[in-house]
Amino acid sequence: MVERTDHSGDRKLNRNSIKGRDIIVVGQQPWDTEIGSNCKNIALEFSKNNRVLYVNSPLDRITLWRNKQEPKTSKRLAIIKGKEDGLVHIQHNIWNFYPDCMVESINWISNTKIFNFFNKLNNRKLAYSIQKAIKELGFKDFILFNDNEIFKGFFLKDFLKPAVSIYYSRDYMVAVDYWKKHGVQLEPELIAKNDLCVANSTFLAEYCGQFNPNSFDVGQGCDLDIFVENKVKKAPMDLTTIKGPVVGYVGALQSIRLDRDIIAHIASLRPQWTIVLVGPEDELFKMSNLHQFENVLFTGSKPISELPDYINFFDVCINPQLINEVTIGNYPRKIDEYLAIGKPVVATATKAMETFSDFVYLAQNKEEYILLIEKALKENSKVKEQERREFALEHTWENSVAKIYGALNNYNNKYSF
């Protein structure tokens, strides 16, 4: 929404983008993380029209002690010792920065006031390191984008003095023990001190809005290409003998997130259905009575490239989510994956799922799961499949970042930056 011209520095409004700006992205996940990352996807989208500095979380002392032999730790230590350059050019317009400082591990401190004193020292170290990269790249008048980093990003606005600072909320972090200890007090303060906040779900946008009136729901982007491309119903080798309706779930089988009772209820009342669970199990799932059902099949982990084949084989996809502090604000990316293939979906009704209400059957309890699965089997059609695909494909990173630009435009209209 705000565009900086090279010749004058004047800004002009652009409805769908920001161009020619410098953006610094900080967060919890480093660039070299193996798992998917909202923050990386957003940074890449930013970099289409802006220069982006993606800052890895600095090495902390306890990680050095625990993982000293790991290549990632060794690389960070080499950079701190000045043996390697911490600024890496990833591709056009985007650089990854490994801070040349080590921060102290301080979450063992019980008193939040004392914790924050030492946290400020950590932030000062990190900011000083980032300023070296800012100087080397010649960043000016930059935007600071903080991806849910409550602690190491708490004072960066104060030290770096960006033109505008954005806090991005993608998970309800204070429900997790590590963040809860001090985050219950500090995250609201961090939300309030940023110029604006953006969130990937309605629940989190409303949460941020309690502390900052400039809070916006910008939705979630998804990488759906492999799900859209795979339209041939190819039975995976371990499912070729299955007959009858197949009800399936794809994703990590975590007891803190999934309701095992719902799955057991479906399996016991509909023995003619096969329930296929694709993904790694935690210990509670491994020990659960679900393994005693003849019509519940655990496939274990599968490569991402094979997931479309499994989803394609399902007649109905499910997301039997538990409702608790950890899950209540989460955007369920797997729903978009199911819908991108056109599959009917039955999911637990949550605040975040309201976005999908026109395309997903939402169950209030385990009894409704069976009723809605039967309804989904009966009502499915080619027209509905196409409608689901079209809806899912609206959830792109381009569209999500466009909403972030919209929030910046709203802020610019109020305050100008």
# chains A, B, ... in the order shown; residues from 1 in each chain; ligands from 1
$ select_by_dssp --residues "range 212-306 of chain A" --states "alpha helix (DSSP H)" --output "MDAnalysis selection string"
chainID A and resid 225:229 260:269 283:286
$ residues_around --residues "Arg257 in chain A" --least-positions-apart "2" --cutoff "8 Å" --atoms "only C-alpha atoms" --output "ChimeraX atom specification"
/A:253-255,259,321-323,326-327
$ write_last_selection --atoms "N, CA and C atoms" --output "compact mmCIF listing (two decimals), in the first residue's frame"
# COMPACT_ATOMS: atom_id res chain seq x y z
N LEU A 253 0.05 -37.02 14.62
CA LEU A 253 -0.93 -37.57 15.56
C LEU A 253 -0.49 -37.22 16.97
N GLN A 254 -0.88 -36.04 17.41
CA GLN A 254 -0.47 -35.49 18.71
C GLN A 254 -1.67 -35.44 19.64
N SER A 255 -1.50 -36.02 20.82
CA SER A 255 -2.62 -36.12 21.76
C SER A 255 -3.05 -34.77 22.32
N ASP A 259 -8.46 -35.42 19.19
CA ASP A 259 -9.36 -36.10 20.11
C ASP A 259 -9.45 -37.58 19.72
N GLN A 321 -10.15 -32.33 15.96
CA GLN A 321 -9.32 -31.49 16.82
C GLN A 321 -9.87 -31.38 18.23
N LEU A 322 -8.98 -31.45 19.20
CA LEU A 322 -9.35 -31.09 20.57
C LEU A 322 -9.46 -29.57 20.66
N ILE A 323 -10.30 -29.10 21.54
CA ILE A 323 -10.39 -27.66 21.76
C ILE A 323 -9.73 -27.34 23.10
N VAL A 326 -3.99 -24.59 23.37
CA VAL A 326 -2.97 -24.77 22.34
C VAL A 326 -3.57 -24.72 20.94
N THR A 327 -4.78 -25.26 20.78
CA THR A 327 -5.35 -25.43 19.44
C THR A 327 -6.36 -24.36 19.04
$ select_by_dssp --residues "range 22-268 of chain A" --states "strand (DSSP E or B)" --output "ChimeraX atom specification"
/A:22-27,51-55,59-60,87-91,94-97,102-103,143-147,164-169,196-199,215-217,246-250,253,258
$ residues_around --residues "Ser305 in chain A" --least-positions-apart "4" --cutoff "9 Å" --atoms "only C-alpha atoms" --output "ChimeraX atom specification"
/A:226-227,309
$ write_last_selection --atoms "N, CA and C atoms" --output "PDB file, in the first residue's frame"
ATOM      1  N   ILE A 226       1.284 -29.162  -5.035  1.00  0.00           N
ATOM      2  CA  ILE A 226       1.332 -30.623  -5.186  1.00  0.00           C
ATOM      3  C   ILE A 226      -0.040 -31.252  -4.978  1.00  0.00           C
ATOM      4  N   PHE A 227      -0.912 -30.576  -4.246  1.00  0.00           N
ATOM      5  CA  PHE A 227      -2.253 -31.114  -4.004  1.00  0.00           C
ATOM      6  C   PHE A 227      -3.169 -30.854  -5.193  1.00  0.00           C
ATOM      7  N   ASP A 309      -1.694 -38.558  -2.760  1.00  0.00           N
ATOM      8  CA  ASP A 309      -2.226 -39.882  -3.113  1.00  0.00           C
ATOM      9  C   ASP A 309      -3.125 -40.424  -2.007  1.00  0.00           C
TER      10      ASP A 309
END
$ closest_residue --among "A:Asn93, A:Lys414, A:Asn111, A:Leu126" --to "Ile80 in chain A" --atoms "only C-alpha atoms"
A:Leu126
$ residues_around --residues "Asp171 in chain A" --least-positions-apart "3" --cutoff "9 Å" --atoms "only C-alpha atoms" --output "JSON, numbers by chain"
{"A": [148, 174, 199, 200, 201, 204, 326, 327, 329, 330, 331]}
$ write_last_selection --atoms "C-alpha atoms" --output "mmCIF file, in the first residue's frame"
data_model
loop_
_atom_site.group_PDB
_atom_site.id
_atom_site.type_symbol
_atom_site.label_atom_id
_atom_site.label_comp_id
_atom_site.auth_asym_id
_atom_site.auth_seq_id
_atom_site.Cartn_x
_atom_site.Cartn_y
_atom_site.Cartn_z
ATOM 1 C CA ASN A 148 5.745 -14.300 17.137
ATOM 2 C CA VAL A 174 1.231 -18.334 25.771
ATOM 3 C CA ALA A 199 -2.720 -12.545 12.684
ATOM 4 C CA ASN A 200 -3.493 -15.660 10.651
ATOM 5 C CA SER A 201 -6.858 -16.366 12.299
ATOM 6 C CA LEU A 204 -5.701 -14.405 17.200
ATOM 7 C CA VAL A 326 -2.969 -24.773 22.343
ATOM 8 C CA THR A 327 -5.347 -25.426 19.436
ATOM 9 C CA GLY A 329 -6.399 -20.149 17.685
ATOM 10 C CA ASN A 330 -4.625 -22.356 15.144
ATOM 11 C CA TYR A 331 -5.260 -22.016 11.444
#
$ residues_around --residues "range 288-291 of chain A" --least-positions-apart "5" --cutoff "12 Å" --atoms "only C-alpha atoms" --output "PyMOL selection string"
chain A and resi 253-255+259-268+275-277+281-283+296-299
$ write_last_selection --atoms "N, CA and C atoms" --output "PDB file, in the first residue's frame"
ATOM      1  N   LEU A 253       0.053 -37.020  14.622  1.00  0.00           N
ATOM      2  CA  LEU A 253      -0.935 -37.569  15.555  1.00  0.00           C
ATOM      3  C   LEU A 253      -0.489 -37.219  16.969  1.00  0.00           C
ATOM      4  N   GLN A 254      -0.879 -36.038  17.413  1.00  0.00           N
ATOM      5  CA  GLN A 254      -0.468 -35.495  18.706  1.00  0.00           C
ATOM      6  C   GLN A 254      -1.668 -35.441  19.643  1.00  0.00           C
ATOM      7  N   SER A 255      -1.500 -36.021  20.822  1.00  0.00           N
ATOM      8  CA  SER A 255      -2.621 -36.119  21.756  1.00  0.00           C
ATOM      9  C   SER A 255      -3.050 -34.773  22.316  1.00  0.00           C
ATOM     10  N   ASP A 259      -8.455 -35.421  19.193  1.00  0.00           N
ATOM     11  CA  ASP A 259      -9.355 -36.101  20.112  1.00  0.00           C
ATOM     12  C   ASP A 259      -9.447 -37.585  19.723  1.00  0.00           C
ATOM     13  N   ARG A 260      -8.749 -38.422  20.477  1.00  0.00           N
ATOM     14  CA  ARG A 260      -8.752 -39.856  20.183  1.00  0.00           C
ATOM     15  C   ARG A 260     -10.137 -40.467  20.384  1.00  0.00           C
ATOM     16  N   ASP A 261     -10.928 -39.915  21.291  1.00  0.00           N
ATOM     17  CA  ASP A 261     -12.269 -40.449  21.549  1.00  0.00           C
ATOM     18  C   ASP A 261     -13.172 -40.325  20.325  1.00  0.00           C
ATOM     19  N   ILE A 262     -13.015 -39.233  19.586  1.00  0.00           N
ATOM     20  CA  ILE A 262     -13.819 -39.064  18.377  1.00  0.00           C
ATOM     21  C   ILE A 262     -13.486 -40.165  17.374  1.00  0.00           C
ATOM     22  N   ILE A 263     -12.199 -40.433  17.197  1.00  0.00           N
ATOM     23  CA  ILE A 263     -11.780 -41.464  16.246  1.00  0.00           C
ATOM     24  C   ILE A 263     -12.288 -42.835  16.686  1.00  0.00           C
ATOM     25  N   ALA A 264     -12.164 -43.122  17.972  1.00  0.00           N
ATOM     26  CA  ALA A 264     -12.635 -44.410  18.497  1.00  0.00           C
ATOM     27  C   ALA A 264     -14.145 -44.543  18.346  1.00  0.00           C
ATOM     28  N   HIS A 265     -14.875 -43.461  18.571  1.00  0.00           N
ATOM     29  CA  HIS A 265     -16.334 -43.469  18.440  1.00  0.00           C
ATOM     30  C   HIS A 265     -16.745 -43.808  17.005  1.00  0.00           C
ATOM     31  N   ILE A 266     -16.087 -43.186  16.043  1.00  0.00           N
ATOM     32  CA  ILE A 266     -16.400 -43.457  14.641  1.00  0.00           C
ATOM     33  C   ILE A 266     -16.085 -44.915  14.301  1.00  0.00           C
ATOM     34  N   ALA A 267     -14.926 -45.381  14.748  1.00  0.00           N
ATOM     35  CA  ALA A 267     -14.500 -46.750  14.426  1.00  0.00           C
ATOM     36  C   ALA A 267     -15.428 -47.797  15.025  1.00  0.00           C
ATOM     37  N   SER A 268     -15.902 -47.560  16.248  1.00  0.00           N
ATOM     38  CA  SER A 268     -16.720 -48.565  16.931  1.00  0.00           C
ATOM     39  C   SER A 268     -18.147 -48.603  16.394  1.00  0.00           C
ATOM     40  N   ILE A 275     -10.811 -46.254   8.852  1.00  0.00           N
ATOM     41  CA  ILE A 275     -10.222 -44.969   9.236  1.00  0.00           C
ATOM     42  C   ILE A 275      -8.714 -45.069   9.031  1.00  0.00           C
ATOM     43  N   VAL A 276      -8.186 -44.227   8.172  1.00  0.00           N
ATOM     44  CA  VAL A 276      -6.759 -44.241   7.846  1.00  0.00           C
ATOM     45  C   VAL A 276      -6.111 -42.991   8.448  1.00  0.00           C
ATOM     46  N   LEU A 277      -5.085 -43.203   9.258  1.00  0.00           N
ATOM     47  CA  LEU A 277      -4.384 -42.112   9.934  1.00  0.00           C
ATOM     48  C   LEU A 277      -2.952 -42.063   9.409  1.00  0.00           C
ATOM     49  N   GLU A 281       3.110 -40.752  15.195  1.00  0.00           N
ATOM     50  CA  GLU A 281       2.344 -40.796  16.445  1.00  0.00           C
ATOM     51  C   GLU A 281       3.197 -40.358  17.634  1.00  0.00           C
ATOM     52  N   ASP A 282       2.569 -39.644  18.568  1.00  0.00           N
ATOM     53  CA  ASP A 282       3.244 -39.414  19.837  1.00  0.00           C
ATOM     54  C   ASP A 282       3.030 -40.634  20.734  1.00  0.00           C
ATOM     55  N   GLU A 283       3.605 -40.644  21.925  1.00  0.00           N
ATOM     56  CA  GLU A 283       3.570 -41.825  22.785  1.00  0.00           C
ATOM     57  C   GLU A 283       2.153 -42.209  23.200  1.00  0.00           C
ATOM     58  N   VAL A 296      -9.103 -49.427  11.917  1.00  0.00           N
ATOM     59  CA  VAL A 296      -8.252 -48.233  12.033  1.00  0.00           C
ATOM     60  C   VAL A 296      -6.856 -48.613  11.567  1.00  0.00           C
ATOM     61  N   LEU A 297      -6.376 -47.921  10.548  1.00  0.00           N
ATOM     62  CA  LEU A 297      -5.076 -48.221   9.963  1.00  0.00           C
ATOM     63  C   LEU A 297      -4.120 -47.051  10.165  1.00  0.00           C
ATOM     64  N   PHE A 298      -2.989 -47.319  10.786  1.00  0.00           N
ATOM     65  CA  PHE A 298      -1.925 -46.332  10.955  1.00  0.00           C
ATOM     66  C   PHE A 298      -0.864 -46.583   9.880  1.00  0.00           C
ATOM     67  N   THR A 299      -0.570 -45.592   9.085  1.00  0.00           N
ATOM     68  CA  THR A 299       0.420 -45.764   8.009  1.00  0.00           C
ATOM     69  C   THR A 299       1.806 -45.304   8.424  1.00  0.00           C
TER      70      THR A 299
END
$ atom_distance --atom1 "CA of Arg76 in chain A" --atom2 "CA of Ile90 in chain A"
17.0 Å
$ residues_around --residues "Gly209 in chain A" --least-positions-apart "2" --cutoff "12 Å" --atoms "only C-alpha atoms" --output "mmCIF file with C-alpha atoms, in the first residue's frame"
data_model
loop_
_atom_site.group_PDB
_atom_site.id
_atom_site.type_symbol
_atom_site.label_atom_id
_atom_site.label_comp_id
_atom_site.auth_asym_id
_atom_site.auth_seq_id
_atom_site.Cartn_x
_atom_site.Cartn_y
_atom_site.Cartn_z
ATOM 1 C CA TYR A 167 3.875 -8.071 15.253
ATOM 2 C CA SER A 169 0.629 -13.700 15.624
ATOM 3 C CA PRO A 188 0.304 -8.220 25.599
ATOM 4 C CA ILE A 191 1.468 -6.368 21.045
ATOM 5 C CA ALA A 192 0.642 -2.947 22.487
ATOM 6 C CA ASN A 194 4.088 -2.443 18.078
ATOM 7 C CA LEU A 196 0.210 -2.744 14.252
ATOM 8 C CA CYS A 197 -0.464 -6.462 14.589
ATOM 9 C CA VAL A 198 -1.486 -9.021 11.992
ATOM 10 C CA ALA A 199 -2.720 -12.545 12.684
ATOM 11 C CA THR A 202 -9.901 -14.526 13.579
ATOM 12 C CA PHE A 203 -9.259 -15.764 17.116
ATOM 13 C CA LEU A 204 -5.701 -14.405 17.200
ATOM 14 C CA ALA A 205 -6.704 -11.112 15.582
ATOM 15 C CA GLU A 206 -9.324 -10.632 18.297
ATOM 16 C CA TYR A 207 -6.745 -11.572 20.942
ATOM 17 C CA PHE A 211 -4.151 -4.734 23.384
ATOM 18 C CA ASN A 212 -3.701 -2.931 20.066
ATOM 19 C CA PRO A 213 -6.562 -1.385 18.057
ATOM 20 C CA ASN A 214 -4.494 -1.695 14.871
ATOM 21 C CA SER A 215 -4.906 -5.487 14.696
ATOM 22 C CA PHE A 216 -5.934 -7.325 11.528
ATOM 23 C CA ASP A 217 -6.792 -10.847 10.400
#
$ atom_distance --atom1 "CA of Gly279 in chain A" --atom2 "CA of Val250 in chain A"
6.1 Å
$ atom_distance --atom1 "CA of Arg51 in chain A" --atom2 "CA of Ser17 in chain A"
13.5 Å
$ closest_residue --among "A:Phe159, A:Tyr338, A:Phe359, A:Phe293" --to "Asn319 in chain A" --atoms "only C-alpha atoms"
A:Tyr338
$ closest_residue --among "A:Leu377, A:Leu362, A:Met353, A:Ala392" --to "Ala340 in chain A" --atoms "only C-alpha atoms"
A:Ala392
$ closest_residue --among "A:Ala78, A:Lys19, A:Thr63, A:Glu70" --to "Asn50 in chain A" --atoms "only C-alpha atoms"
A:Lys19
$ closest_residue --among "A:Leu190, A:Ala127, A:Leu269, A:Ile318" --to "Glu367 in chain A" --atoms "only C-alpha atoms"
A:Leu269
